[in-house]
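Below: the structure, in structure tokens.
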Amino acid sequence: MTFAQPLLLWGCLGALIPLLVHLFDRRRPRPHPFGAISFVLKSQKRTASRLRLRRLLLYTLRTLILLAVPIALARPELSKAGTVSAGLGPMATVIVLDDSLSMRWRDTSGLQAQTLFERAKAEARSAVRDLLPEEPATVLVCGAAPLPPAPLSFDRARMLQALDEAQATYEAADASRCLELAARALEDSLLLAKRIVLVSDFAATSLRTEAPLPTVAGPKGERIRPEVVLRDVASSLPELPNRALLDVKVEPAPQVDPKAFAFTFTARNFSAEAMKDVELQLKVDGRVVAKGFFDLPAHGTGQKALTHRFVGGPVAVVEGVLAPDALTEDDTRTVVLPVPRELTALVVNGAPSPQKFRDEAFFVEAALQATGSPVRAVVRDTDAAFREDFAQYDVVLLLNVEAPRTDVAARLKAYVESGHGLFISMGDRVDPDGWNASMGGVLPRRLKLFKTAVEPGASDVGARSARLSQVAAEHPVLAPFTGRAREGLMSARFSRYMLLEPGAEGGQVLGTLDDGAPALVARRLGRGQVLLFTSTVDRDWSDFSIRTSFLPLMQRVAAWLSGSLEEREELKVLVGETAVLPTQLPLTEVELLGPEGVELKLTKQPDGALAAGPLAAPGAYVAKSEGLVVPSLSFAVSVDAAESDLTRLKPEELKAFFGDDAVKAGGQSSESKAPIWTWLIVAAVIAFFLEGLLLPRR
Amino acid sequence: MSVLDAATLSRISGVKLRARAVVEGVLSGLHKSPHQGQSVEFAEHKEYAPGDELRHLDWKAFGKFDRYYVKRFEHETNLRAVMVVDGSGSMAYGSGPLTKLDVARTLAGALSYLLVRQQDATGLTVFAGNQLRDVPPRANASHLNVVLDALDDLGAHGTTDLASAADHLAEKVPRRAFIAVFSDFFDDRADALKRLIALKARRHDLAVFHIVDPLELTFPFEDPTLFLSMEDDRRLEVHPAEIRESYLEEFNRFLADTKATCTAADVDYERVRTDEPLDAVLLRFLARRQGR
């Protein structure tokens, strides 16, 4: 037991007044001769024991009243030995307010719906008001990345303002860090007694309590735990039932439409009661386009797939929204989906043939026009193709084409630099010198000469042909080729191929043959890409065109060259994380708009990528450049699925972490848990009332 | 409304005058006095015997019959009355102008006065502890003075001993008589009142005047008080407020028991507060007697 105003305890001496009155107030009774003294004697004998008891009770009650009042004024507080505050007077105090996601849980059981965070703020304000005038204090809003609190002060208005301005976040709080910061702030106080008031719902995910409770310097310099007062804002609730959308998986649904996607949502019920017919809405750009229903067993998970065919582009904000519950923030999952646009490829056929299987462009056209392919191929011979306006196409494929004239080469270069793609494959019509002369500024590497590993049609072509030995598996074009798909790629045989000059242009070799010669070389040119394939795309120099890997590879090549492949790379960002956006666009040309339409600040990373964050709120973040949406830089931020589990810490877990000395108070409490002095006043009033009852009636 | 209230009576010194004042009040209150029209009427002749009053010899009968006959008058068959006054120490208590003893003396004197006026013999017995004093009943007017003087001289002392008084009366009043007892009946001994009431068995007409003081009825004391016994050495310091409830319960039970005992034995019971007009008390008493 400690007292805020110990000097007032001298007032307890007043409890001696009844005794002193009894001892010294021996007023001389007035003598009175009385005829009926027999009756007085009888009455006195009859009531003697009762009177003695009443006098004793009166004396006790009066003593209690005179004791309770000074003790109440001295503001007693309960504390146990071992805490730093035991008997040390006013306490330096840090009020730690948990602002984690779980605090957004809305309690609708009372008369007034209120989030736990609103309740926690009221609780923290109450804690501020409960401070004694001589107790320095500060407020620490405890989030995932808490900052050191303001220095301890007596400025209650500033503390209340800090509480008013506090907002619940979408992340788990790092309680260990918060307590450490609070303890560090307490170290600065000269007061010996130190206290941390922790206002929280004590959800297991919001309080990560891996580290031990920090200590502060005790009265003799020893390390000792500060007193911890736990104010539980959810103490009146048996549990915090919740359901959440944990994940969404997006897959193309070509069987429905080339521009259709299937969204598979995973929902989980974190409560002990099963949930039936929980509505799931699929919203595209804010409009409900499909609905489904979940049946979620207690503590169980369910999946629901909804499909939608997209029309517009370049991006769509897709949201899965569960029927709202007490914590709505985790009932929505957002995806910023680049809507695939139809690509148009100009296939320049350098060696047309009436026999389809001998035609240079036959296999390429077949691959690009396959079902589900986003590419529409337009095949032209060389002369016709070079008369076309390249800008009408997303990508141009030069298949075994003679060296373009200088003017065409210049147009091609400008075309690529403006952000388009160019694919070049070799063949008999390709003259290295001519190509180097006209297209040297476009080629990833200059051409050297043909190398024939084995004459096509030779009997031992299978054994002597060159094969791919290494591919850049991390490159977007080749990334899907793993496992059996990779085998299909690596098993292609090349009987003849173009050797290249050693690279001075900085082209990236995506694949090499077993003799070390490059097979696939890429180069960024301006805002576009150039990809050079050193063999043929028909069966003249290799059998690659009849391999299973040819079709997907050509589709990915076309998509990559046109820039639409990058658009499909989903960037997964959680609340509180920093999004790193790989791009070569200059910082000044990109603006990133958050869920509320507010522009976010971007920073340039050393590798040229742009970084945004830490991102505080879930939702869609759309990047724009020169007023146009940049799908590859747009993304969605989600709350961490782990934060949706609102299981509260058990008392024994709290005890294990905070120790037996933690004083637990609160909840509506708090508004309800009265301090000791109020009970003393109540006791004094009751004693006063009883004293009045016991007094002899006149 | 009587003018003979306690304050007025207290200003009249001496029992004689007080009793007379009370009687005058009674007589004026009766309007038709009960002794008006009464006279000493002849009843019968009796042959003279030594000791008979010579003045009652009927000389006319002697002339006729040559024998001495004595006239006997009606009044000689009238009531013999004994006023029994409690002279114990507790009777000296009085919160107002009159003590209980004052009231007892005045009532006894007034009643004697009335009785003598109607030619009844009246006597007096005073008991205080085991001391008893008697004035034998007589009917002449001069005897009234003797009774009133004895009442005047009466002082309060000793304990209340009703049983001794009862025994004494049984011995001293052999013939049927009207016995009026004036007391506060503060006798702790068991059956004391019953011993007194036992006189009824000797065909005596018994009336009880139970005299109480207003303070005894209400016990209004507040401050710590040292109560002193008026009959012995007992003393008790109490907070009166603490025991008031219990005291009133005890005292009212005593009053109720006394009245119930008297009523059950067909004894006239009259409770008299020392602050009430005594003529009204007597009128009330006489009216009830007439109604019997």
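By order of appearance in the structure tokens: chains A, B, ..., then residues from 1 within every chain, and ligands from 1 in the order shown.
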
### Task
Identify, with DSSP run on backbone atoms, the residues in region 173-286 of chain B assigned to strand (DSSP E or B), and express the list as a PyMOL selection string.
chain B and resi 178-183+205-212+225-229+235-238+268-273

Chain A residues within 8 Å of chain B, counting only C-alpha atoms: which ones, as a list of chain:residue names? A:Arg28, A:Pro29, A:Arg30, A:Pro31, A:His32, A:Pro33, A:Phe34, A:Gly35, A:Ala36, A:Ile37, A:Ser38, A:Phe39, A:Val40, A:Leu41, A:Lys42, A:Ser43, A:Gln44, A:Arg46, A:Thr47, A:Leu51, A:Pro696, A:Arg697, A:Arg698

Please dump the current selection as a PDB file, in the first residue's frame; keep N, CA and C atoms.
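Generated file (selection.pdb):
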ATOM      1  N   ARG A  28     -19.963  16.119  34.947  1.00  0.00           N
ATOM      2  CA  ARG A  28     -20.600  15.737  36.212  1.00  0.00           C
ATOM      3  C   ARG A  28     -22.087  15.565  35.959  1.00  0.00           C
ATOM      4  N   PRO A  29     -22.586  14.390  36.231  1.00  0.00           N
ATOM      5  CA  PRO A  29     -24.018  14.202  35.974  1.00  0.00           C
ATOM      6  C   PRO A  29     -24.851  14.991  36.988  1.00  0.00           C
ATOM      7  N   ARG A  30     -25.960  15.434  36.534  1.00  0.00           N
ATOM      8  CA  ARG A  30     -26.828  16.240  37.418  1.00  0.00           C
ATOM      9  C   ARG A  30     -27.557  15.284  38.372  1.00  0.00           C
ATOM     10  N   PRO A  31     -27.387  15.511  39.693  1.00  0.00           N
ATOM     11  CA  PRO A  31     -28.118  14.636  40.607  1.00  0.00           C
ATOM     12  C   PRO A  31     -29.609  14.957  40.589  1.00  0.00           C
ATOM     13  N   HIS A  32     -30.401  13.942  40.649  1.00  0.00           N
ATOM     14  CA  HIS A  32     -31.843  14.151  40.554  1.00  0.00           C
ATOM     15  C   HIS A  32     -32.549  13.104  41.419  1.00  0.00           C
ATOM     16  N   PRO A  33     -33.041  13.520  42.584  1.00  0.00           N
ATOM     17  CA  PRO A  33     -33.831  12.586  43.396  1.00  0.00           C
ATOM     18  C   PRO A  33     -35.060  12.181  42.592  1.00  0.00           C
ATOM     19  N   PHE A  34     -35.310  10.892  42.543  1.00  0.00           N
ATOM     20  CA  PHE A  34     -36.371  10.435  41.653  1.00  0.00           C
ATOM     21  C   PHE A  34     -37.117   9.300  42.333  1.00  0.00           C
ATOM     22  N   GLY A  35     -38.432   9.485  42.409  1.00  0.00           N
ATOM     23  CA  GLY A  35     -39.234   8.487  43.116  1.00  0.00           C
ATOM     24  C   GLY A  35     -39.242   7.145  42.416  1.00  0.00           C
ATOM     25  N   ALA A  36     -39.312   7.181  41.099  1.00  0.00           N
ATOM     26  CA  ALA A  36     -39.461   5.925  40.349  1.00  0.00           C
ATOM     27  C   ALA A  36     -38.114   5.334  39.990  1.00  0.00           C
ATOM     28  N   ILE A  37     -37.156   5.421  40.881  1.00  0.00           N
ATOM     29  CA  ILE A  37     -35.801   4.940  40.562  1.00  0.00           C
ATOM     30  C   ILE A  37     -35.777   3.434  40.319  1.00  0.00           C
ATOM     31  N   SER A  38     -36.724   2.725  40.909  1.00  0.00           N
ATOM     32  CA  SER A  38     -36.775   1.276  40.689  1.00  0.00           C
ATOM     33  C   SER A  38     -36.904   0.958  39.212  1.00  0.00           C
ATOM     34  N   PHE A  39     -37.739   1.755  38.552  1.00  0.00           N
ATOM     35  CA  PHE A  39     -37.945   1.491  37.116  1.00  0.00           C
ATOM     36  C   PHE A  39     -36.713   1.873  36.299  1.00  0.00           C
ATOM     37  N   VAL A  40     -36.031   2.909  36.750  1.00  0.00           N
ATOM     38  CA  VAL A  40     -34.788   3.288  36.080  1.00  0.00           C
ATOM     39  C   VAL A  40     -33.776   2.160  36.218  1.00  0.00           C
ATOM     40  N   LEU A  41     -33.719   1.612  37.428  1.00  0.00           N
ATOM     41  CA  LEU A  41     -32.778   0.513  37.673  1.00  0.00           C
ATOM     42  C   LEU A  41     -33.115  -0.698  36.809  1.00  0.00           C
ATOM     43  N   LYS A  42     -34.380  -1.029  36.782  1.00  0.00           N
ATOM     44  CA  LYS A  42     -34.787  -2.185  35.973  1.00  0.00           C
ATOM     45  C   LYS A  42     -34.436  -1.970  34.508  1.00  0.00           C
ATOM     46  N   SER A  43     -34.713  -0.769  34.021  1.00  0.00           N
ATOM     47  CA  SER A  43     -34.452  -0.476  32.609  1.00  0.00           C
ATOM     48  C   SER A  43     -32.955  -0.549  32.328  1.00  0.00           C
ATOM     49  N   GLN A  44     -32.214   0.004  33.242  1.00  0.00           N
ATOM     50  CA  GLN A  44     -30.768   0.022  33.024  1.00  0.00           C
ATOM     51  C   GLN A  44     -30.229  -1.400  33.016  1.00  0.00           C
ATOM     52  N   ARG A  46     -31.869  -4.091  32.285  1.00  0.00           N
ATOM     53  CA  ARG A  46     -32.357  -4.791  31.097  1.00  0.00           C
ATOM     54  C   ARG A  46     -31.593  -4.409  29.843  1.00  0.00           C
ATOM     55  N   THR A  47     -31.192  -3.157  29.770  1.00  0.00           N
ATOM     56  CA  THR A  47     -30.571  -2.683  28.523  1.00  0.00           C
ATOM     57  C   THR A  47     -29.056  -2.588  28.607  1.00  0.00           C
ATOM     58  N   LEU A  51     -26.731  -1.711  25.597  1.00  0.00           N
ATOM     59  CA  LEU A  51     -26.125  -0.381  25.576  1.00  0.00           C
ATOM     60  C   LEU A  51     -24.615  -0.454  25.427  1.00  0.00           C
ATOM     61  N   PRO A 696     -29.062   7.257  20.212  1.00  0.00           N
ATOM     62  CA  PRO A 696     -30.347   7.176  20.913  1.00  0.00           C
ATOM     63  C   PRO A 696     -31.333   8.167  20.328  1.00  0.00           C
ATOM     64  N   ARG A 697     -32.548   7.703  20.104  1.00  0.00           N
ATOM     65  CA  ARG A 697     -33.558   8.612  19.557  1.00  0.00           C
ATOM     66  C   ARG A 697     -34.053   9.556  20.644  1.00  0.00           C
ATOM     67  N   ARG A 698     -34.241  10.802  20.290  1.00  0.00           N
ATOM     68  CA  ARG A 698     -34.683  11.784  21.284  1.00  0.00           C
ATOM     69  C   ARG A 698     -36.170  12.010  21.144  1.00  0.00           C
TER      70      ARG A 698
END

Ala81 (chain B) environment, 7 Å, only C-alpha atoms, sequence neighbours closer than 5 positions dropped, as a list in words
Ala121, Thr122, Gly123, Pro137, Ala177, Phe178 and Ile179 of chain B

Produce a file of the selected residues containing N, CA, C and O atoms, as a PDB file, in the first residue's frame.
ATOM      1  N   ALA B 121     -68.171   9.621  59.433  1.00  0.00           N
ATOM      2  CA  ALA B 121     -66.971   9.648  60.267  1.00  0.00           C
ATOM      3  C   ALA B 121     -65.753   9.466  59.363  1.00  0.00           C
ATOM      4  O   ALA B 121     -65.763   8.648  58.447  1.00  0.00           O
ATOM      5  N   THR B 122     -64.775  10.234  59.627  1.00  0.00           N
ATOM      6  CA  THR B 122     -63.570  10.111  58.808  1.00  0.00           C
ATOM      7  C   THR B 122     -62.338  10.049  59.703  1.00  0.00           C
ATOM      8  O   THR B 122     -62.252  10.721  60.717  1.00  0.00           O
ATOM      9  N   GLY B 123     -61.441   9.205  59.324  1.00  0.00           N
ATOM     10  CA  GLY B 123     -60.203   9.050  60.065  1.00  0.00           C
ATOM     11  C   GLY B 123     -59.013   9.069  59.110  1.00  0.00           C
ATOM     12  O   GLY B 123     -59.183   9.212  57.892  1.00  0.00           O
ATOM     13  N   PRO B 137     -61.569   7.373  63.079  1.00  0.00           N
ATOM     14  CA  PRO B 137     -62.679   8.045  62.394  1.00  0.00           C
ATOM     15  C   PRO B 137     -63.695   8.626  63.387  1.00  0.00           C
ATOM     16  O   PRO B 137     -64.053   7.947  64.358  1.00  0.00           O
ATOM     17  N   ALA B 177     -65.829  -0.219  56.452  1.00  0.00           N
ATOM     18  CA  ALA B 177     -65.486   1.191  56.267  1.00  0.00           C
ATOM     19  C   ALA B 177     -65.092   1.442  54.794  1.00  0.00           C
ATOM     20  O   ALA B 177     -64.836   0.515  54.036  1.00  0.00           O
ATOM     21  N   PHE B 178     -65.150   2.733  54.497  1.00  0.00           N
ATOM     22  CA  PHE B 178     -64.652   3.173  53.176  1.00  0.00           C
ATOM     23  C   PHE B 178     -63.188   3.562  53.351  1.00  0.00           C
ATOM     24  O   PHE B 178     -62.846   4.413  54.147  1.00  0.00           O
ATOM     25  N   ILE B 179     -62.334   2.868  52.668  1.00  0.00           N
ATOM     26  CA  ILE B 179     -60.901   3.125  52.794  1.00  0.00           C
ATOM     27  C   ILE B 179     -60.391   3.709  51.477  1.00  0.00           C
ATOM     28  O   ILE B 179     -60.522   3.068  50.426  1.00  0.00           O
TER      29      ILE B 179
END

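Residue nearest Phe310 (chain A) within the list A:Ala473, A:Ala162, A:Ala323, A:Val256: A:Val256 [criterion: smallest interatomic distance, only C-alpha atoms].
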
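If you count only C-alpha atoms and ignore residues fewer than 6 places along the chain from Leu346 (chain A), what sits within 7 Å of it is Ala377, Val378, Val379, Tyr393, Val395, Val396 and Leu397 of chain A.
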
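Among the candidates A:Gln470, A:Ser438, A:Thr93, A:Thr603, the residue lying nearest to Glu227 (chain A) is A:Thr93 (atoms considered: only C-alpha atoms).
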
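With only C-alpha atoms taken into account, the protein and nucleic acid residues at most 10 Å from Arg289 (chain B) (excluding it and anything under 6 positions from it in its own chain) are Ala207, Asp268 and Leu283 of chain B.
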
Prev. selection, N, CA and C atoms, output as a PDB file, in the first residue's frame:
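Listing of part-v6.pdb after writing:
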ATOM      1  N   ALA B 207     -60.943   2.354  47.767  1.00  0.00           N
ATOM      2  CA  ALA B 207     -60.683   3.207  46.591  1.00  0.00           C
ATOM      3  C   ALA B 207     -59.193   3.539  46.572  1.00  0.00           C
ATOM      4  N   ASP B 268     -62.155   0.803  43.318  1.00  0.00           N
ATOM      5  CA  ASP B 268     -62.142   2.044  42.525  1.00  0.00           C
ATOM      6  C   ASP B 268     -60.694   2.474  42.305  1.00  0.00           C
ATOM      7  N   LEU B 283     -64.358  15.210  41.365  1.00  0.00           N
ATOM      8  CA  LEU B 283     -65.644  15.121  40.656  1.00  0.00           C
ATOM      9  C   LEU B 283     -65.731  13.841  39.856  1.00  0.00           C
TER      10      LEU B 283
END

Please identify all polymer residues within 12 Å of Gly516 (chain A), counting only C-alpha atoms, omitting same-chain residues fewer than 6 positions from it, and present them as a PyMOL selection string. chain A and resi 466-471+497+499-500+502+509-510
